[in-house]
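Visitor: What follows is a single structure, and I will ask about it in a moment.
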Amino acid sequence: SQCVAVSAMGDTIEIEAGFYLETVVLDKALTLIGGQGSTNTTVTGPDSDFDVMTVLVDGINISGLTIDGGLYGLAIASSVTQVQLSDCVLAETGSFQLQLPPALVNEAVSAVTLVPHASGQLDAVLVHTGALTTSTSWHTLPGDMVYYRANSTVTVGGDISPVLTIASGVVIKNWRSNIIIGPTAGSPGGLMADNVIFTSIHDGAMGGDTSGNSVVPAHSDWYDIQFQAGAIEGSCQLNNCDIRYGGRFNHAVWARSGGSFSATNCDFMANTK
């Protein structure tokens, strides 16, 4: 962290092989390189109240590190639009291994190695509120790891008609959160999901014990998936999906403002509507 503090924007910091107890906040464009790779260079957060490594700005490059301990392993702020990761291992953290904005999910999840906790609890990628204006995919995660969304709204729409594709086998756990597809006729968007589970953060039957407590799931734990006026015909499809414990103020999945979607062979359980 001292090296980061005295560095200038655009600098490269080479970290010798070893074990470092550090809490690192990256608030300027820098490159961090573990000189002998992630198997030999570990940054461990010494305080369970603080994230091990926090990215606050664009232009951060991180490679060759294992990150563990602390609260979250790697926390990328919701305002960040670009980060480059390679040979990074996110391991035995105090809480979730990774948090990031929705537009960086595809890039970051593909670039890091996510190691589930030995306890089988708190294995998740936390996704912030944010807008998807270009097409992207959310990939399957290792083991029972899930995508976790709390008080989060993800919108999919824009001038180039973006589509969010969610891979088969993905589990998305939610609390007071929603997904809005095609928010206006002038901002079209789509959602393609096949064999995906949308459920509550307290649903331990799906994706393991993500909340780390004994709270039971309940209908209306999360809001909904909305297909609005800009929902793209043919690109708004839920197939073989499981939708559980949603619909806090309305249906768990619904069309509004002239939007439409198709749902085939989907199971709806314990939703408000």
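Chain lettering (A, B, ...) mirrors the order of the structure tokens, residue numbering begins at 1 for each chain separately, and ligand numbering begins at 1 in order of display.
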Report as number ranges by chain all protein, DNA and RNA residues lying within 9 Å of A:Gly204, evaluated on only C-alpha atoms, omitting residues in the same chain fewer than 5 positions from it.
Guide: A: 209-211, 216-217
Visitor: For the interface of stretch 16-98 of chain A with stretch 115-133 of chain A (cut-off 7 Å, counting only C-alpha atoms), please tabulate each contacting residue of stretch 16-98 of chain A alongside its nearest pair of atoms and their separation in Å to one decimal, rows sorted by chain and increasing number, as a tab-separated table.
Guide:
residue	atom	partner	partner_atom	distance
A:Ser78	CA	A:His128	CA	6.1
A:Leu90	CA	A:Val115	CA	6.1
A:Ala91	CA	A:Val115	CA	4.8
A:Glu92	CA	A:His117	CA	5.6
A:Ser95	CA	A:Leu122	CA	5.8
A:Phe96	CA	A:Ala124	CA	5.2
A:Gln97	CA	A:Val125	CA	6.4
A:Leu98	CA	A:Val125	CA	5.0
Visitor: Nearest to A:Asp51 among A:Val112, A:Met192, A:Ala29, A:Ala75, with distances taken over only C-alpha atoms: which residue is it?
Guide: A:Ala75
Visitor: Looking at A:Gly157, A:Gly70, A:Gly208, A:Gly64, which one is nearest to A:Thr113, with distances taken over only C-alpha atoms?
Guide: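 Looking only at the distances to A:Thr113, the closest residue turns out to be A:Gly64.
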Visitor: Find the residues around A:Asn265 up to 9 Å (only C-alpha atoms counted), leave out those fewer than 5 positions away in its own chain, and share them as a list in words.
Guide: Leu238, Asn239, Asn240 and Cys241 of chain A
Visitor: Report as a PyMOL selection string all protein, DNA and RNA residues lying within 8 Å of A:Gly230, evaluated on only C-alpha atoms, omitting residues in the same chain fewer than 5 positions from it.
Guide: chain A and resi 157+181-189+259
Visitor: What lies within 8 Å of A:Ala218 using only C-alpha atoms, ignoring chain neighbours under 6 positions off, as a list in words?
Guide: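 In the requested format, the answer is Ser200, Tyr245 and Ala270 of chain A.
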Visitor: Work out how far apart atom CA of A:Asp49 and atom CA of A:Ser214 are and give it in Å to one decimal.
Guide: 21.6 Å
